[in-house]
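Read through the structure below, which is laid out as structure tokens, and then see the notes.
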Amino acid sequence: MTDKNGQAPRDEATFTVKAGLAEMLKGGVIMDVVTPEQAKIAEDAGAAAVMALERVPADIRRDGGVARMSDPEMIKGIQDAVTIPVMAKARIGHFAEAQVLEALEVDYIDESEVLTPADEANHIDKWAFKIPFVCGATNLGEALRRIGEGAAMIRSKGEAGTGDIVEAVRHLRMIGGEIRRLTMLDASELPSAAKELQAPLELVLKVARAGRLPVVMFCAGGIATPADASLVMQLGAEGVFVGSGIFKSEDPERRARAIVEATTHYTDPARVAAASTGLGAPMHSLETAKLEAGQLLSPRGW
Amino acid sequence: MSPGDTRPASTGGRPAGDKVPVVGVLALQGGFEAHAKILTTIGADVREVRTPQDLGGLDALILPGGESTTMTLGIAREHLAGPLRELIEGGTPTLGTCAGMILLDRDHLGVLDMEARRNAFGRQLHSFEADLEIPGIEGPPVRAVFIRAPWIADHGPDVEVLAALDGHPVAIRQGNVLALAFHPELSGETRLHRLLLEYITARDASRAR
């Protein structure tokens with residue numbers, strides 16, 4: 001052992017450190033929680049992280065009004081209740097909420113369309129923060145714009161609070177298809193692809209080379225069952241966020257465990273079947289196609 | 001691929017370098033793909049481990065980073081604790097990183113005589129990268145990525161400390177097991193994975209004698 005190790009400079013908040021935490025969440029389930037009690041249930045069921053928010057999407061949808069960052073007291077309570085990472089949501093463009101979340105030392109900030117946007121033109125400058133950010137995306141251009149702004153993790157958007165998986169599937173297929181298309185273009189075609197995607201060229205080149213996003217991509221929005229988790233994992237998600245799907249179901253503990261199990265064994269239908277057995281009723285669901293345009297959350301952000 | 005194909009009962013005096021080692025990476029949750037990528041780069045075969053059936057015929061094992069609580073629950077659900085313990089205690093070269101190091105301690109699988117303290121360096125805000133000198137690793141220092149990292153709070157005499165930070169061990173070896181509080185796999189570092197493959201060669205050589 002050498003003493004030199006203690007004197008080496010330490011670099012905090014590098015992109016490797018920010019994106020690295022997302023790497024450690026892979027294959028896991030991140031669960032929305034509004035109280036420390038829910039956070040504990042989520043941790044005991046095998047959640048890889050919890051997401052603190054004021055109200056779950058199903059309630060935001062039902063009750064309306066402005067949805068904001070969670071009360072700091074609630075966030076602190078959740079941090080004290082669990083040892084897994086605690087994420088929290090800030091409104092799109094609301095960098096002051098993000099500053100508060102950084103001061104609280106949450107582990108990840110979700111700049112989320114589920115909350116009411118605070119800025120109609122600009123997302124948060126995520127490079128200005130030491131805490132990493134996860135952002136939603138409906139297509140590749142949106143994902144790369146968020147990464148260009150400093151996001152260290154992407155979640156494909158679904159239609160939160162509906163229990164309807166159709167939007168999640170649409171957006172995952174869109175992102176996956178656009179990535180596959182980039183890998184087939186030659187070098188002279190990529191700049192105009194970047195223009196079409198409205199995404200930074202440097203990131204487009206990276207995606208074309210690697211055949212994947214430069215950061216970890218989870219799926220969020222509409223996941224209500226173990227089979228939903230298996231579906232989105234097979235479509236290319238590297239883990240899942242479950243919002244209302246757990247704590248708005250009949251037996252949250254059991255459903256949480258089942259979704260964790262199905263996310264690990266997503267390629268094994270027998271295990272997904274076993275996990276899906278006897279869970280009680282899922283959350284009360286809404287068919288996205290029957291919602292008015294004004295009720296949709298996923299078009300928020302751009 | 002059947003276990004018999006990948007590890008003959010005896011190497012028959014053949015240099016171990018002739019066969020491609022099969023390394024199992026626990027894949028219940030966490031950073032297993034980053035390890036798989038490094039292993040592929042250095043010429044090892046990778047098998048993702050999710051059930052006890054996946055453990056047959058492995059030359060080495062990696063317990064990756066991730067959430068130790070989540071992985072511990074997964075290990076219990078899959079009845080993996082006994083088989084993992086048996087494999088490691090049987091001398092299978094093993095690398096544990098971050099949460100994987102925690103899984104090896106007295107309170108978890110109990111295969112190393114040490115106690116890891118979870119999130120010892122603090123929350124994500126205090127995660128960092130630093131250069132580490134590790135004896136036996138030639139060339140430039142190891143770029144070590146510490147993410148909500150643990151350290152070793154206590155250890156017995158059989159544990160060899162390879163590197164420490166702030167007075168706490170962050171890289172140790174006990175027998176054929178290497179445990180690291182940080183992530184070499186996130187900085188593209190391959191030398192610690194090569195060291196794991198060297199443990200295989202050394203073990204096979206000592207068995208052949």
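To be explicit about the labels: the chains of the structure tokens are called A, B, and onward in the order shown, and within each one the residues are counted from 1, while ligands get numbers from 1 in the order they are shown.
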Find the residues in chain B near chain A: any atom within 7 Å counts, using only C-alpha atoms. Write them as JSON, numbers by chain. {"B": [28, 29, 30, 31, 65, 66, 67, 69, 70, 73, 123, 124, 125, 126, 127, 128, 129, 130, 131, 132, 133, 145, 147, 161, 162, 163, 164, 165, 166, 186]}
Would you export the selected residues with N, CA and C atoms as a short mmCIF file (atom, residue, chain, number, x, y, z; two decimals), in the first residue's frame, please?
```cif
data_model
loop_
_atom_site.label_atom_id
_atom_site.label_comp_id
_atom_site.auth_asym_id
_atom_site.auth_seq_id
_atom_site.Cartn_x
_atom_site.Cartn_y
_atom_site.Cartn_z
N LEU B 28 -28.15 -9.93 -11.99
CA LEU B 28 -29.48 -9.71 -11.42
C LEU B 28 -29.89 -8.26 -11.56
N GLN B 29 -28.92 -7.37 -11.44
CA GLN B 29 -29.13 -5.93 -11.54
C GLN B 29 -27.76 -5.28 -11.45
N GLY B 30 -27.57 -4.16 -12.13
CA GLY B 30 -26.33 -3.40 -11.94
C GLY B 30 -25.45 -3.33 -13.16
N GLY B 31 -24.16 -3.07 -12.91
CA GLY B 31 -23.24 -2.74 -13.99
C GLY B 31 -22.62 -3.94 -14.67
N GLY B 65 -20.97 -3.88 -9.71
CA GLY B 65 -21.61 -2.84 -8.94
C GLY B 65 -23.09 -2.81 -9.23
N GLY B 66 -23.79 -2.02 -8.45
CA GLY B 66 -25.25 -1.95 -8.57
C GLY B 66 -25.76 -1.60 -7.20
N GLU B 67 -26.96 -1.99 -6.89
CA GLU B 67 -27.46 -1.75 -5.55
C GLU B 67 -27.37 -3.03 -4.74
N THR B 69 -28.56 -3.83 -1.90
CA THR B 69 -29.85 -4.27 -1.34
C THR B 69 -30.64 -5.04 -2.40
N THR B 70 -30.71 -4.46 -3.59
CA THR B 70 -31.46 -5.09 -4.69
C THR B 70 -30.85 -6.45 -5.03
N LEU B 73 -31.51 -9.11 -2.31
CA LEU B 73 -32.87 -9.65 -2.42
C LEU B 73 -32.97 -10.61 -3.60
N ARG B 123 -23.16 10.41 -0.57
CA ARG B 123 -24.12 10.30 -1.67
C ARG B 123 -23.46 10.64 -3.00
N GLN B 124 -24.26 10.60 -4.08
CA GLN B 124 -23.73 10.80 -5.43
C GLN B 124 -22.93 12.10 -5.58
N LEU B 125 -23.35 13.16 -4.88
CA LEU B 125 -22.64 14.45 -4.96
C LEU B 125 -21.16 14.26 -4.63
N HIS B 126 -20.84 13.28 -3.79
CA HIS B 126 -19.46 13.06 -3.35
C HIS B 126 -18.77 11.92 -4.09
N SER B 127 -19.41 11.43 -5.16
CA SER B 127 -18.75 10.43 -6.00
C SER B 127 -17.60 11.09 -6.75
N PHE B 128 -16.56 10.31 -7.09
CA PHE B 128 -15.38 10.94 -7.70
C PHE B 128 -14.56 9.93 -8.47
N GLU B 129 -13.62 10.47 -9.25
CA GLU B 129 -12.60 9.66 -9.91
C GLU B 129 -11.26 10.03 -9.32
N ALA B 130 -10.36 9.07 -9.21
CA ALA B 130 -9.00 9.38 -8.74
C ALA B 130 -8.05 8.32 -9.28
N ASP B 131 -6.76 8.69 -9.34
CA ASP B 131 -5.74 7.73 -9.74
C ASP B 131 -5.29 6.93 -8.53
N LEU B 132 -5.21 5.63 -8.67
CA LEU B 132 -4.80 4.76 -7.56
C LEU B 132 -3.58 3.94 -7.97
N GLU B 133 -2.61 3.90 -7.09
CA GLU B 133 -1.46 3.00 -7.28
C GLU B 133 -1.83 1.66 -6.64
N VAL B 145 -13.04 4.80 -10.45
CA VAL B 145 -14.29 5.56 -10.39
C VAL B 145 -15.08 5.10 -9.16
N ILE B 147 -18.37 5.44 -7.04
CA ILE B 147 -19.75 5.91 -7.14
C ILE B 147 -20.53 5.47 -5.90
N VAL B 161 -4.33 -5.76 2.09
CA VAL B 161 -4.80 -4.47 1.60
C VAL B 161 -3.90 -4.00 0.47
N LEU B 162 -4.51 -3.76 -0.70
CA LEU B 162 -3.75 -3.34 -1.89
C LEU B 162 -3.73 -1.83 -2.06
N ALA B 163 -4.79 -1.18 -1.64
CA ALA B 163 -4.85 0.27 -1.74
C ALA B 163 -5.83 0.80 -0.71
N ALA B 164 -5.54 2.01 -0.23
CA ALA B 164 -6.42 2.64 0.76
C ALA B 164 -6.58 4.11 0.43
N LEU B 165 -7.71 4.67 0.84
CA LEU B 165 -7.96 6.11 0.72
C LEU B 165 -8.52 6.58 2.05
N ASP B 166 -8.09 7.76 2.47
CA ASP B 166 -8.56 8.32 3.75
C ASP B 166 -8.39 7.31 4.89
N LEU B 186 -15.54 1.16 -15.57
CA LEU B 186 -16.15 2.37 -16.12
C LEU B 186 -15.15 3.30 -16.78
#
```
Near-range 140-152 of chain A list (10 Å; only C-alpha atoms; drop same-chain fewer than 2 positions) as a ChimeraX atom specification: /A:15-23,108-111,123-129,131-138,154-156,171-172,174-179,193-204,207,213-217,301-302
Could you tell me, as a list in words, which residues of range 43-180 of chain A DSSP assigns to strand (DSSP E or B) when given the backbone? Ala49, Val50, Met51, Ala52, Val86, Met87, Ala88, Lys89, Ala90, Arg91, Tyr108, Ile109, Asp110, Glu111, Ser112, Phe133, Val134, Cys135, Gly136, Ala137, Met153, Ile154, Arg155 and Ser156 of chain A
Could you name the residues that touch Ile172 in chain B at 7 Å or less, counting only C-alpha atoms, but leaving out those on the same chain fewer than 2 positions away, as a list in words? Val159, Glu160, Val161, Leu162, Pro169, Val170, Gln174, Leu178, Ala179 and Leu180 of chain B
Take the residues just selected and output them with N, CA, C and O atoms as a PDB file, in the first residue's frame.
```pdb
ATOM      1  N   VAL B 159      -6.716 -10.857   5.055  1.00  0.00           N
ATOM      2  CA  VAL B 159      -7.006  -9.882   4.009  1.00  0.00           C
ATOM      3  C   VAL B 159      -5.762  -9.040   3.741  1.00  0.00           C
ATOM      4  O   VAL B 159      -5.203  -8.437   4.651  1.00  0.00           O
ATOM      5  N   GLU B 160      -5.333  -9.023   2.483  1.00  0.00           N
ATOM      6  CA  GLU B 160      -4.200  -8.194   2.080  1.00  0.00           C
ATOM      7  C   GLU B 160      -4.734  -6.883   1.500  1.00  0.00           C
ATOM      8  O   GLU B 160      -5.517  -6.904   0.550  1.00  0.00           O
ATOM      9  N   VAL B 161      -4.327  -5.765   2.090  1.00  0.00           N
ATOM     10  CA  VAL B 161      -4.804  -4.468   1.601  1.00  0.00           C
ATOM     11  C   VAL B 161      -3.905  -4.001   0.466  1.00  0.00           C
ATOM     12  O   VAL B 161      -2.702  -3.879   0.617  1.00  0.00           O
ATOM     13  N   LEU B 162      -4.514  -3.763  -0.703  1.00  0.00           N
ATOM     14  CA  LEU B 162      -3.751  -3.343  -1.885  1.00  0.00           C
ATOM     15  C   LEU B 162      -3.735  -1.833  -2.056  1.00  0.00           C
ATOM     16  O   LEU B 162      -2.794  -1.275  -2.603  1.00  0.00           O
ATOM     17  N   PRO B 169      -9.213   0.821   3.591  1.00  0.00           N
ATOM     18  CA  PRO B 169      -8.924  -0.017   2.421  1.00  0.00           C
ATOM     19  C   PRO B 169     -10.024   0.109   1.358  1.00  0.00           C
ATOM     20  O   PRO B 169     -11.206   0.107   1.693  1.00  0.00           O
ATOM     21  N   VAL B 170      -9.590   0.231   0.097  1.00  0.00           N
ATOM     22  CA  VAL B 170     -10.544   0.286  -1.019  1.00  0.00           C
ATOM     23  C   VAL B 170     -10.228  -0.768  -2.086  1.00  0.00           C
ATOM     24  O   VAL B 170     -10.947  -0.886  -3.076  1.00  0.00           O
ATOM     25  N   GLN B 174      -7.997 -11.550  -0.842  1.00  0.00           N
ATOM     26  CA  GLN B 174      -7.939 -12.667   0.094  1.00  0.00           C
ATOM     27  C   GLN B 174      -8.025 -13.937  -0.751  1.00  0.00           C
ATOM     28  O   GLN B 174      -9.051 -14.198  -1.375  1.00  0.00           O
ATOM     29  N   LEU B 178     -10.559 -10.867  -5.323  1.00  0.00           N
ATOM     30  CA  LEU B 178     -10.134  -9.472  -5.391  1.00  0.00           C
ATOM     31  C   LEU B 178     -11.384  -8.626  -5.176  1.00  0.00           C
ATOM     32  O   LEU B 178     -12.396  -8.826  -5.846  1.00  0.00           O
ATOM     33  N   ALA B 179     -11.329  -7.691  -4.223  1.00  0.00           N
ATOM     34  CA  ALA B 179     -12.500  -6.863  -3.962  1.00  0.00           C
ATOM     35  C   ALA B 179     -12.111  -5.394  -4.041  1.00  0.00           C
ATOM     36  O   ALA B 179     -11.135  -4.964  -3.428  1.00  0.00           O
ATOM     37  N   LEU B 180     -12.880  -4.640  -4.817  1.00  0.00           N
ATOM     38  CA  LEU B 180     -12.579  -3.231  -5.081  1.00  0.00           C
ATOM     39  C   LEU B 180     -13.791  -2.371  -4.729  1.00  0.00           C
ATOM     40  O   LEU B 180     -14.917  -2.711  -5.099  1.00  0.00           O
TER      41      LEU B 180
END
```
Record the distance separating CA of Ala144 in chain B and CA of Pro93 in chain B, expressed in Å with one decimal.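 Between CA of Ala144 in chain B and CA of Pro93 in chain B the gap is 21.1 Å.
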Could you check the closest approach to Gly122 in chain B for each of B:Ile137, B:Ala149, B:Leu103, B:Leu195 and tell me which residue wins, using only C-alpha atoms? B:Ala149
For range 55-71 of chain A, list every protein, DNA or RNA residue within 7 Å, evaluated using only C-alpha atoms, and leave out those in the same chain fewer than 4 positions away; present the list as number ranges by chain. A: 32, 34, 75, 89-91, 97, 114-116, 160-162, 243-244
Ala118 in chain A environment, 7 Å, only C-alpha atoms, sequence neighbours closer than 3 positions dropped, as a ChimeraX atom specification: /A:91-94
Excluding Asp45 in chain B and any residue of its chain fewer than 4 positions from it, enumerate the residues within 10 Å of it, using only C-alpha atoms, and give them as JSON, numbers by chain. {"B": [6, 20, 21, 22, 23, 24, 36, 39, 40, 41, 58, 59]}
For the residues selected in the previous step, produce a file with N, CA, C and O atoms as a short mmCIF file (atom, residue, chain, number, x, y, z; two decimals), in the first residue's frame.
```
data_model
loop_
_atom_site.label_atom_id
_atom_site.label_comp_id
_atom_site.auth_asym_id
_atom_site.auth_seq_id
_atom_site.Cartn_x
_atom_site.Cartn_y
_atom_site.Cartn_z
N THR B 6 -16.36 -26.07 -21.94
CA THR B 6 -15.57 -24.89 -21.64
C THR B 6 -14.47 -25.16 -20.62
O THR B 6 -13.48 -24.48 -20.60
N VAL B 20 -10.19 -20.58 -23.90
CA VAL B 20 -10.78 -19.28 -23.59
C VAL B 20 -11.50 -19.40 -22.26
O VAL B 20 -12.39 -20.23 -22.10
N PRO B 21 -11.09 -18.60 -21.28
CA PRO B 21 -11.76 -18.71 -19.98
C PRO B 21 -13.21 -18.20 -20.03
O PRO B 21 -13.51 -17.25 -20.77
N VAL B 22 -14.07 -18.86 -19.28
CA VAL B 22 -15.46 -18.44 -19.20
C VAL B 22 -15.67 -17.74 -17.87
O VAL B 22 -15.44 -18.33 -16.81
N VAL B 23 -16.05 -16.48 -17.93
CA VAL B 23 -16.24 -15.69 -16.71
C VAL B 23 -17.73 -15.40 -16.53
O VAL B 23 -18.37 -14.84 -17.42
N GLY B 24 -18.26 -15.79 -15.39
CA GLY B 24 -19.66 -15.50 -15.08
C GLY B 24 -19.77 -14.11 -14.48
O GLY B 24 -18.95 -13.73 -13.64
N ALA B 36 -18.82 -7.05 -18.86
CA ALA B 36 -18.84 -7.96 -20.01
C ALA B 36 -18.03 -7.38 -21.16
O ALA B 36 -17.29 -8.08 -21.85
N LEU B 39 -14.34 -7.76 -20.42
CA LEU B 39 -13.95 -9.17 -20.55
C LEU B 39 -13.81 -9.56 -22.01
O LEU B 39 -12.88 -10.26 -22.40
N THR B 40 -14.75 -9.11 -22.84
CA THR B 40 -14.70 -9.42 -24.27
C THR B 40 -13.44 -8.83 -24.89
O THR B 40 -12.77 -9.47 -25.69
N THR B 41 -13.13 -7.59 -24.49
CA THR B 41 -11.92 -6.92 -25.00
C THR B 41 -10.66 -7.72 -24.74
O THR B 41 -9.74 -7.74 -25.55
N LEU B 58 -17.85 -22.44 -14.63
CA LEU B 58 -17.22 -21.13 -14.73
C LEU B 58 -15.76 -21.18 -14.30
O LEU B 58 -15.41 -21.85 -13.34
N ASP B 59 -14.90 -20.44 -15.02
CA ASP B 59 -13.50 -20.33 -14.63
C ASP B 59 -13.29 -19.21 -13.63
O ASP B 59 -12.33 -19.22 -12.87
#
```
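Ranking B:Met114, B:Asp158, B:Thr51, B:Ile152 by their shortest atom-to-atom distance to Asp268 in chain A, with only C-alpha atoms included, puts B:Thr51 first.
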Long-range neighbours of Glu89 in chain B as a list of chain:residue names, 10 Å cut-off, only C-alpha atoms, 3 positions minimum in chain: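 The residues that qualify are B:Pro83, B:Leu84, B:Arg85, B:Glu86, B:Thr92, B:Pro93, B:Thr94, B:Gly110, B:Val111, B:Leu112, B:Gly175, B:Asn176, B:Val177.
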Would you please work out which residue, of B:Pro140, B:Gly91, B:Gly82, B:Gly43, is nearest to His108 in chain B when using only C-alpha atoms?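 Once distances to His108 in chain B are computed over only C-alpha atoms, the minimum belongs to B:Gly82.
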Best match for closeness to Ile102 in chain B among B:Val25, B:Ala120, B:Leu80, B:Ile200, counting only C-alpha atoms: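 Residue with the minimum atom-to-atom distance to Ile102 in chain B: B:Ala120.
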Can you work out which one of B:Lys19, B:Glu115, B:Glu78, B:Gly136 has the shortest atom-to-atom distance to Thr201 in chain B, counting only C-alpha atoms?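 That would be B:Lys19, the residue with the smallest distance to Thr201 in chain B.
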